[in-house]
Each structure stands twice: as C-alpha cells, then as structure tokens.
$ cat final-v5.txt   # compact mmCIF, C-alpha atoms
# COMPACT_ATOMS: atom_id res chain seq x y z
CA MET A 3 -13.99 20.60 29.71
CA SER A 4 -13.62 19.56 26.06
CA ASP A 5 -10.42 20.02 24.08
CA PRO A 6 -10.17 23.03 21.73
CA PRO A 7 -10.98 22.59 18.01
CA ARG A 8 -8.12 21.64 15.72
CA LEU A 9 -6.82 24.63 13.76
CA PRO A 10 -5.73 24.41 10.10
CA PRO A 11 -2.15 24.93 8.86
CA GLY A 12 -1.17 28.60 8.75
CA SER A 13 -2.88 29.40 12.06
CA THR A 14 -1.50 31.48 14.93
CA VAL A 15 -2.42 31.09 18.59
CA ARG A 16 -1.43 33.56 21.29
CA PHE A 17 -1.40 32.88 25.01
CA GLN A 18 -0.59 34.73 28.23
CA VAL A 19 -0.49 33.66 31.88
CA GLN A 20 -2.92 35.79 33.87
CA HIS A 21 -4.05 36.19 37.50
CA PRO A 22 -6.81 38.58 38.63
CA ALA A 23 -4.81 39.91 41.58
CA LEU A 24 -1.16 39.43 40.66
CA GLY A 25 -1.30 40.62 37.06
CA CYS A 26 -0.01 38.83 33.99
CA GLY A 27 3.02 37.51 32.22
CA SER A 28 4.14 38.04 28.66
CA SER A 29 2.12 37.04 25.62
CA TRP A 30 3.52 34.44 23.24
CA SER A 31 2.62 33.27 19.75
CA VAL A 32 2.78 29.86 18.07
CA THR A 33 2.43 29.87 14.28
CA THR A 34 2.27 26.99 11.80
CA SER A 35 3.13 27.11 8.11
CA VAL A 36 0.48 26.59 5.44
CA THR A 37 2.61 24.38 3.18
CA THR A 38 5.35 22.88 5.39
CA GLY A 39 5.75 21.36 8.84
CA ASP A 40 7.55 24.45 10.16
CA VAL A 41 6.42 25.92 13.49
CA TYR A 42 7.49 29.24 15.01
CA VAL A 43 7.35 30.38 18.65
CA ALA A 44 7.92 33.99 19.71
CA HIS A 45 7.83 36.09 22.85
CA ARG A 46 5.61 38.73 21.29
CA GLU A 47 7.40 41.83 22.63
CA ALA A 48 10.71 40.46 21.36
CA GLY A 49 9.29 38.63 18.33
CA ARG A 50 10.61 41.17 15.88
CA TRP A 51 14.14 40.38 17.02
CA ILE A 52 14.34 36.76 18.13
CA LYS A 53 12.33 33.52 17.99
CA SER A 54 12.41 29.74 17.96
CA SER A 55 11.80 27.92 14.69
CA PHE A 56 11.16 24.20 14.37
CA HIS A 57 11.57 23.10 10.76
CA GLU A 58 10.09 20.18 8.88
CA SER A 59 13.67 19.10 8.07
CA GLY A 60 14.26 18.41 11.78
CA GLN A 61 16.55 21.42 12.20
CA TRP A 62 15.61 23.62 15.15
CA HIS A 63 16.85 27.19 15.52
CA TYR A 64 16.83 29.78 18.25
CA GLY A 65 18.13 32.98 16.74
CA LEU A 66 17.95 36.53 15.55
CA SER A 67 15.63 37.90 12.90
CA ALA A 68 16.74 39.73 9.77
CA ALA A 69 15.75 43.01 11.47
CA ALA A 70 18.05 42.23 14.41
CA ILE A 71 20.96 41.37 12.11
CA GLU A 72 20.51 44.70 10.35
CA GLN A 73 21.06 46.41 13.70
CA ASP A 74 24.33 44.55 14.28
CA GLU A 75 25.82 42.72 11.30
CA ARG A 76 28.51 41.17 13.53
CA ALA A 77 25.95 39.35 15.66
CA ASP A 78 25.62 35.58 15.38
CA ARG A 79 22.38 34.78 13.60
CA TYR A 80 21.79 31.57 15.52
CA ILE A 81 22.17 31.17 19.27
CA SER A 82 21.29 27.49 19.08
CA ILE A 83 20.95 24.94 16.25
CA THR A 84 19.98 21.31 16.85
CA HIS A 85 19.33 18.41 14.47
CA GLU A 86 18.53 15.49 16.80
CA HIS A 87 15.54 15.27 19.12
CA ARG A 88 14.41 12.61 21.56
CA GLU A 89 10.88 11.27 21.12
CA ILE A 90 8.84 11.32 24.33
CA SER A 91 6.21 9.05 22.77
CA PRO A 92 6.10 7.32 19.36
CA GLY A 93 6.02 10.11 16.77
CA TRP A 94 6.08 12.96 19.32
CA VAL A 95 8.83 15.36 20.46
CA HIS A 96 8.84 18.08 23.10
CA ALA A 97 9.93 21.20 21.20
CA HIS A 98 9.49 24.20 23.49
CA GLN A 99 8.64 25.18 27.05
CA VAL A 100 7.78 28.56 28.55
CA ALA A 101 7.89 28.63 32.37
CA VAL A 102 6.06 31.39 34.24
CA ALA A 103 6.33 31.63 38.02
CA ARG A 104 3.73 33.18 40.28
CA SER A 105 6.43 35.54 41.61
CA GLU A 106 7.01 37.00 38.13
CA LEU A 107 3.48 38.20 37.36
CA ARG A 108 3.01 41.97 37.30
CA GLN A 109 0.45 44.63 36.49
CA HIS A 110 1.89 45.82 33.21
CA THR A 111 0.96 46.63 29.62
CA GLU A 112 2.88 45.12 26.74
CA SER A 113 4.11 47.13 23.78
CA VAL A 114 2.49 44.85 21.21
CA ARG A 115 -0.37 45.07 18.75
CA ASP A 116 -3.74 44.36 20.37
CA ARG A 117 -4.67 40.80 19.42
CA SER A 118 -6.91 38.08 20.78
CA VAL A 119 -4.98 36.17 23.46
CA THR A 120 -5.90 32.92 25.18
CA PRO A 121 -5.63 33.44 28.96
CA VAL A 122 -3.71 30.75 30.84
CA VAL A 123 -4.80 30.63 34.47
CA LEU A 124 -2.08 30.08 37.04
CA PRO A 125 -2.99 26.81 38.81
CA TRP A 126 -3.99 27.26 42.44
CA GLY A 127 -1.42 25.94 44.92
CA TRP A 128 1.47 25.71 42.43
CA ASP A 129 4.61 27.86 42.14
CA ALA A 130 4.50 28.17 38.38
CA VAL A 131 2.96 27.00 35.16
CA ALA A 132 4.66 25.65 32.04
CA ILE A 133 3.29 26.02 28.53
CA ASN A 134 4.70 23.19 26.43
CA LEU A 135 4.79 22.72 22.66
CA TYR A 136 4.70 19.14 21.42
CA LEU A 137 5.16 18.26 17.75
CA GLY A 138 3.66 15.13 16.20
CA ARG A 139 5.12 13.63 13.03
CA PRO A 140 2.94 13.11 9.95
CA GLY A 141 1.37 9.69 9.64
CA TYR A 142 1.38 8.88 13.37
CA GLN A 143 -2.07 8.27 14.78
CA ILE A 144 -0.93 7.49 18.33
CA ALA A 145 -2.31 10.09 20.73
CA LEU A 146 0.17 11.86 23.01
CA ARG A 147 -0.33 10.69 26.58
CA LEU A 148 -0.33 13.79 28.77
CA ALA A 149 0.66 14.04 32.43
CA PRO A 150 -1.97 14.62 35.15
CA HIS A 151 -3.24 18.19 35.71
CA THR A 152 -2.46 19.19 32.12
CA LYS A 153 -4.77 20.99 29.72
CA ILE A 154 -4.56 21.44 25.94
CA ILE A 155 -4.57 25.16 25.07
CA ALA A 156 -4.38 24.73 21.29
CA ASP A 157 -4.30 21.93 18.73
CA LEU A 158 -2.84 22.91 15.36
CA GLU A 159 -2.40 21.02 12.12
CA ARG A 160 0.92 21.48 10.34
CA GLY A 161 1.36 21.89 6.60
CA ASP A 162 3.08 18.50 6.27
CA GLY A 163 0.21 16.65 7.95
CA GLY A 164 1.76 16.69 11.42
CA ARG A 165 0.39 18.22 14.62
CA ALA A 166 1.38 20.87 17.13
CA LEU A 167 -0.10 20.75 20.63
CA VAL A 168 0.19 23.66 23.09
CA VAL A 169 -0.31 22.29 26.60
CA LYS A 170 -0.51 23.89 30.05
CA GLN A 171 1.08 22.06 32.99
CA PRO A 172 1.57 23.16 36.65
CA MET A 173 5.12 23.32 38.01
CA ALA A 174 6.86 23.27 41.39
CA LEU A 175 10.09 25.27 41.81
CA GLU A 176 13.05 24.28 43.95
CA ARG A 177 14.37 27.86 44.16
CA PRO A 178 12.90 31.32 43.46
CA VAL A 179 13.35 32.71 39.96
CA ALA A 180 15.03 35.86 41.34
CA GLU A 181 17.66 33.66 43.00
CA LEU A 182 18.18 31.32 40.05
CA PHE A 183 18.73 34.15 37.57
CA ALA A 184 20.18 36.94 39.72
CA PRO A 185 23.11 37.73 37.34
CA GLU A 186 20.86 37.86 34.26
CA ILE A 187 18.33 40.05 36.07
CA GLY A 188 21.04 42.45 37.22
CA GLU A 189 22.46 42.70 33.71
CA ALA A 190 19.04 43.30 32.18
CA ARG A 191 18.20 45.99 34.75
CA ALA A 192 21.49 47.77 34.12
CA GLY A 193 20.84 47.72 30.39
CA LEU A 194 17.37 49.19 30.85
CA VAL A 195 18.68 51.94 33.10
CA ALA A 196 21.40 52.79 30.58
CA ASN A 197 18.70 53.24 27.95
CA GLY A 198 16.59 55.62 30.03
CA TRP A 199 14.24 53.15 31.71
CA ASP A 200 11.33 54.87 33.46
CA GLY A 201 11.07 52.15 36.14
CA ARG A 202 7.83 50.58 34.99
CA PRO A 203 7.74 46.75 35.19
CA ALA A 204 9.62 45.16 32.33
CA ARG A 205 10.01 41.55 31.27
CA ILE A 206 12.59 39.32 29.63
CA ALA A 207 12.66 35.67 28.60
CA ILE A 208 15.80 33.73 29.49
CA PHE A 209 16.66 30.98 26.99
CA GLY A 210 18.43 27.70 27.63
CA MET A 211 18.54 23.98 26.79
CA ALA A 212 18.92 21.66 29.75
CA ASP A 213 19.08 18.68 27.38
CA ARG A 214 20.68 18.90 23.92
CA LEU A 215 18.06 16.45 22.61
CA GLY A 216 15.23 18.16 24.44
CA PRO A 217 13.15 21.32 24.13
CA HIS A 218 13.99 24.97 23.94
CA ASN A 219 13.43 26.30 27.45
CA GLU A 220 12.43 29.90 28.14
CA VAL A 221 11.73 31.37 31.57
CA GLU A 222 9.80 34.61 31.99
CA VAL A 223 11.46 37.04 34.41
CA ALA A 224 10.12 40.34 35.69
CA ILE A 225 12.59 43.22 35.89
CA ASP A 226 11.81 45.64 38.73
CA PRO A 227 13.68 48.75 39.85
CA ALA A 228 16.51 48.01 42.30
CA PRO A 229 15.36 48.36 45.91

$ encode --input "final-v5.txt" --output "structure tokens"
Amino acid sequence: MSDPPRLPPGSTVRFQVQHPALGCGSSWSVTTSVTTGDVYVAHREAGRWIKSSFHESGQWHYGLSAAAIEQDERADRYISITHEHREISPGWVHAHQVAVARSELRQHTESVRDRSVTPVVLPWGWDAVAINLYLGRPGYQIALRLAPHTKIIADLERGDGGRALVVKQPMALERPVAELFAPEIGEARAGLVANGWDGRPARIAIFGMADRLGPHNEVEVAIDPAP
C-alpha cells in the first residue's frame, strides 16, 4: 500500500483506533501551523481544555488551554515544559505517542463535532497499537527509517519547511492497562460518579514522560462502572 499524500502547512488530521467487534478508542487531532513549525496534538474530547504543543523554537508544552485557566485561575498552565530532545535519526525527533490497548476499546460515542477521521486498525495478534508523531527539521532530506510492521497514517509539511509524520506501530504489553493504572482509573471513576455519571463508557488519556528527552506519552484508558 502506498504512503498517503503529503499535506500542506495548516492541515489537520484526525485518527481513531477502531475494531469491528470491540468498538473504538478516542479520536485525536494533529494540526500544523501555516507560517511556523509549530505542531499541536489533542485528545479531541479534551482538546478544549488540554493539549500538547511542539514549537518551532524547540520548546514543547503539555498544558491547559485558556478556557481551562478561566475555570480555575489557580491552576498551573503547564504540566510539562521541555527544551531538549534526543534525535532518533539525523534531523528527526520522536515528539508524541498515543498507546491504545485492545482491552480499552469500547462501543461508545464521543461528544465531539462530527469530522472525517482516519481509522487505525488494531493489528491482529498484538496487545495494543501506538500512534507516533515524528518531527523532521527543515533542510534535512534524510528519510526517517521506520521499524518493521509500521505504517504512515499522515505526512504533513510544517510552516518552517519541516515535516510531521504520524505513524502506526503495533505494541506488546507486559501488564494489563487496568493493572498499570488502577489508582488513576479509580480516581477518574470517582470523579465521574461525583458529577452524576450515567454509567456509559467513558475515556481518559493518562499523560507521562518516561524519558525527559523523549516524547510525550499518552495512554488511552476506558472508565467502566465499578463491578
């Protein structure tokens, strides 16, 4: 299968992990700037409140939007700020990863505007799939060497002449998501119940950085009613 066409600066791509029997994950958006090298990644249901931004200056943010700050002026605007990033290949850095496990897919409907979404098929025989964002610096013509079993979902030009590649890659998990993030899941469920949750499947994205020079990591987690 051929790679997707390269999109011009100022484009937005949206993707969502889907399975015909298990359901789907959350939808995400990746947006480039028309005039700068900035790139933005958002979990679409939470995009009004929080997102990752990767700036041409080299400063990367994970933080709250202006709308979220208005709700709580005491909140810290930035959860994470980094200035240094390790190249994984000449001119290329790994900026962001969304991990979606088979166990976390559900039959659910998102509360987002209906938009065209690129379906990401969960690879057969794997526990999970990762959607990775790689950023290429302007002026570098060296192609990014991708790992086996990967597939390019989107290829975007950036306003500074750089590139942004969105790439699907299968993943194996050492432990179940529900076990890895049991405290966070319990806290999220309690918060939903306190706000009158009707029990329908809900989803959150848990943020972290395993490597201070590496990518923003987000893991999709399904929140189900307590048994």

$ closest_residue --input "final-v5.txt" --among "A:Val102, A:Pro10, A:Glu220, A:Leu146" --to "Pro178 in chain A" --atoms "only C-alpha atoms"
A:Val102

$ residues_near_point --input "final-v5.txt" --point "(17.0, 19.5, 21.7)" --cutoff "10 Å" --atoms "all atoms listed in the file" --output "ChimeraX atom specification"
/A:61-63,82-88,95-98,211-219

$ closest_residue --input "final-v5.txt" --among "A:Val195, A:Ala184, A:Cys26, A:Leu137" --to "Thr111 in chain A" --atoms "all atoms listed in the file"
A:Cys26

$ residues_near_point --input "final-v5.txt" --point "(16.7, 42.1, 35.5)" --cutoff "10 Å" --atoms "all atoms listed in the file" --output "PyMOL selection string"
chain A and resi 180+183-194+204-206+223-228

$ residues_around --input "final-v5.txt" --residues "Ala174 in chain A" --least-positions-apart "2" --cutoff "7 Å" --atoms "only C-alpha atoms" --output "PyMOL selection string"
chain A and resi 128-130+176

$ atom_distance --input "final-v5.txt" --atom1 "CA of Phe56 in chain A" --atom2 "CA of Gly161 in chain A"
12.7 Å

$ closest_residue --input "final-v5.txt" --among "A:Ala44, A:Leu66, A:Tyr136, A:Arg108" --to "Glu159 in chain A" --atoms "all atoms listed in the file"
A:Tyr136

$ closest_residue --input "final-v5.txt" --among "A:Thr14, A:Asp78, A:Pro229, A:Ser4" --to "Arg117 in chain A" --atoms "all atoms listed in the file"
A:Thr14

$ atom_distance --input "final-v5.txt" --atom1 "CA of Ile154 in chain A" --atom2 "CA of Trp51 in chain A"
28.1 Å

$ atom_distance --input "final-v5.txt" --atom1 "CA of Val119 in chain A" --atom2 "CA of Ala156 in chain A"
11.7 Å

$ closest_residue --input "final-v5.txt" --among "A:Leu167, A:Ala23, A:Ile208, A:Ala132" --to "Ala145 in chain A" --atoms "all atoms listed in the file"
A:Leu167

$ closest_residue --input "final-v5.txt" --among "A:Ser13, A:Gln18, A:Ser67, A:Ser31" --to "Ala101 in chain A" --atoms "only C-alpha atoms"
A:Gln18

$ residues_around --input "final-v5.txt" --residues "Asp162 in chain A" --least-positions-apart "4" --cutoff "8 Å" --atoms "only C-alpha atoms" --output "ChimeraX atom specification"
/A:37-39,58,140

$ residues_around --input "final-v5.txt" --residues "Gly127 in chain A" --least-positions-apart "3" --cutoff "12 Å" --atoms "only C-alpha atoms" --output "PDB file with C-alpha atoms, keeping the file's coordinate frame"
ATOM      1  CA  ALA A 103       6.330  31.630  38.020  1.00  0.00           C
ATOM      2  CA  ARG A 104       3.730  33.180  40.280  1.00  0.00           C
ATOM      3  CA  VAL A 123      -4.800  30.630  34.470  1.00  0.00           C
ATOM      4  CA  LEU A 124      -2.080  30.080  37.040  1.00  0.00           C
ATOM      5  CA  ALA A 130       4.500  28.170  38.380  1.00  0.00           C
ATOM      6  CA  VAL A 131       2.960  27.000  35.160  1.00  0.00           C
ATOM      7  CA  PRO A 172       1.570  23.160  36.650  1.00  0.00           C
ATOM      8  CA  MET A 173       5.120  23.320  38.010  1.00  0.00           C
ATOM      9  CA  ALA A 174       6.860  23.270  41.390  1.00  0.00           C
ATOM     10  CA  LEU A 175      10.090  25.270  41.810  1.00  0.00           C
TER      11      LEU A 175
END

$ residues_around --input "final-v5.txt" --residues "Gly12 in chain A" --least-positions-apart "6" --cutoff "6 Å" --atoms "all atoms listed in the file" --output "compact mmCIF listing (two decimals) with C-alpha atoms, in the frame of the given file"
# COMPACT_ATOMS: atom_id res chain seq x y z
CA THR A 34 2.27 26.99 11.80
CA SER A 35 3.13 27.11 8.11
CA VAL A 36 0.48 26.59 5.44

$ build_atoms --input "final-v5.txt" --residues "range 52-63 of chain A" --atoms "all heavy atoms" --output "tab-separated table (two decimals), in the coordinates of the input"
chain	number	residue	atom	x	y	z
A	52	ILE	N	13.83	38.09	17.83
A	52	ILE	CA	14.34	36.76	18.13
A	52	ILE	C	13.18	35.78	18.27
A	52	ILE	O	12.09	36.16	18.71
A	52	ILE	CB	15.19	36.80	19.42
A	52	ILE	CG1	16.01	35.54	19.60
A	52	ILE	CG2	14.32	37.06	20.65
A	52	ILE	CD1	17.12	35.69	20.64
A	53	LYS	N	13.40	34.51	17.87
A	53	LYS	CA	12.33	33.52	17.99
A	53	LYS	C	12.91	32.12	17.84
A	53	LYS	O	14.05	31.93	17.40
A	53	LYS	CB	11.26	33.75	16.93
A	53	LYS	CG	11.72	33.58	15.49
A	53	LYS	CD	10.61	33.94	14.52
A	53	LYS	CE	11.11	33.89	13.09
A	53	LYS	NZ	10.05	34.30	12.12
A	54	SER	N	12.08	31.14	18.20
A	54	SER	CA	12.41	29.74	17.96
A	54	SER	C	11.71	29.28	16.70
A	54	SER	O	10.55	29.63	16.46
A	54	SER	CB	11.93	28.87	19.14
A	54	SER	OG	12.72	29.06	20.29
A	55	SER	N	12.41	28.49	15.90
A	55	SER	CA	11.80	27.92	14.69
A	55	SER	C	12.10	26.43	14.65
A	55	SER	O	13.25	26.01	14.86
A	55	SER	CB	12.31	28.63	13.44
A	55	SER	OG	13.72	28.61	13.38
A	56	PHE	N	11.06	25.66	14.39
A	56	PHE	CA	11.16	24.20	14.37
A	56	PHE	C	10.78	23.75	12.96
A	56	PHE	O	9.61	23.79	12.58
A	56	PHE	CB	10.24	23.60	15.43
A	56	PHE	CG	10.48	24.18	16.79
A	56	PHE	CD1	9.72	25.25	17.25
A	56	PHE	CD2	11.49	23.70	17.60
A	56	PHE	CE1	9.95	25.80	18.51
A	56	PHE	CE2	11.73	24.24	18.86
A	56	PHE	CZ	10.96	25.30	19.31
A	57	HIS	N	11.78	23.32	12.18
A	57	HIS	CA	11.57	23.10	10.76
A	57	HIS	C	11.24	21.65	10.43
A	57	HIS	O	11.65	20.72	11.14
A	57	HIS	CB	12.82	23.56	9.99
A	57	HIS	CG	13.07	25.03	10.10
A	57	HIS	ND1	12.33	25.96	9.41
A	57	HIS	CD2	13.95	25.73	10.87
A	57	HIS	CE1	12.75	27.18	9.72
A	57	HIS	NE2	13.73	27.07	10.60
A	58	GLU	N	10.49	21.50	9.36
A	58	GLU	CA	10.09	20.18	8.88
A	58	GLU	C	11.30	19.28	8.67
A	58	GLU	O	11.23	18.06	8.85
A	58	GLU	CB	9.31	20.34	7.57
A	58	GLU	CG	8.83	19.05	6.95
A	58	GLU	CD	8.09	19.29	5.65
A	58	GLU	OE1	7.42	20.33	5.49
A	58	GLU	OE2	8.19	18.41	4.77
A	59	SER	N	12.44	19.86	8.31
A	59	SER	CA	13.67	19.10	8.07
A	59	SER	C	14.22	18.45	9.34
A	59	SER	O	15.10	17.59	9.28
A	59	SER	CB	14.74	20.02	7.49
A	59	SER	OG	15.10	21.03	8.44
A	60	GLY	N	13.73	18.89	10.50
A	60	GLY	CA	14.26	18.41	11.78
A	60	GLY	C	15.28	19.36	12.38
A	60	GLY	O	15.76	19.14	13.50
A	61	GLN	N	15.61	20.43	11.67
A	61	GLN	CA	16.55	21.42	12.20
A	61	GLN	C	15.78	22.45	13.01
A	61	GLN	O	14.81	23.03	12.54
A	61	GLN	CB	17.30	22.09	11.06
A	61	GLN	CG	18.41	23.03	11.53
A	61	GLN	CD	19.39	23.35	10.42
A	61	GLN	OE1	20.17	22.50	10.00
A	61	GLN	NE2	19.34	24.57	9.91
A	62	TRP	N	16.23	22.64	14.25
A	62	TRP	CA	15.61	23.62	15.15
A	62	TRP	C	16.57	24.77	15.38
A	62	TRP	O	17.76	24.56	15.62
A	62	TRP	CB	15.27	22.98	16.49
A	62	TRP	CG	14.19	21.94	16.43
A	62	TRP	CD1	13.51	21.50	15.34
A	62	TRP	CD2	13.71	21.18	17.55
A	62	TRP	NE1	12.61	20.53	15.70
A	62	TRP	CE2	12.70	20.30	17.04
A	62	TRP	CE3	14.01	21.15	18.92
A	62	TRP	CZ2	12.01	19.41	17.88
A	62	TRP	CZ3	13.32	20.27	19.74
A	62	TRP	CH2	12.33	19.42	19.22
A	63	HIS	N	16.04	25.99	15.33
A	63	HIS	CA	16.85	27.19	15.52
A	63	HIS	C	16.29	28.04	16.66
A	63	HIS	O	15.07	28.13	16.84
A	63	HIS	CB	16.82	28.09	14.27
A	63	HIS	CG	17.36	27.44	13.04
A	63	HIS	ND1	16.94	27.78	11.77
A	63	HIS	CD2	18.30	26.47	12.87
A	63	HIS	CE1	17.58	27.06	10.88
A	63	HIS	NE2	18.42	26.27	11.53
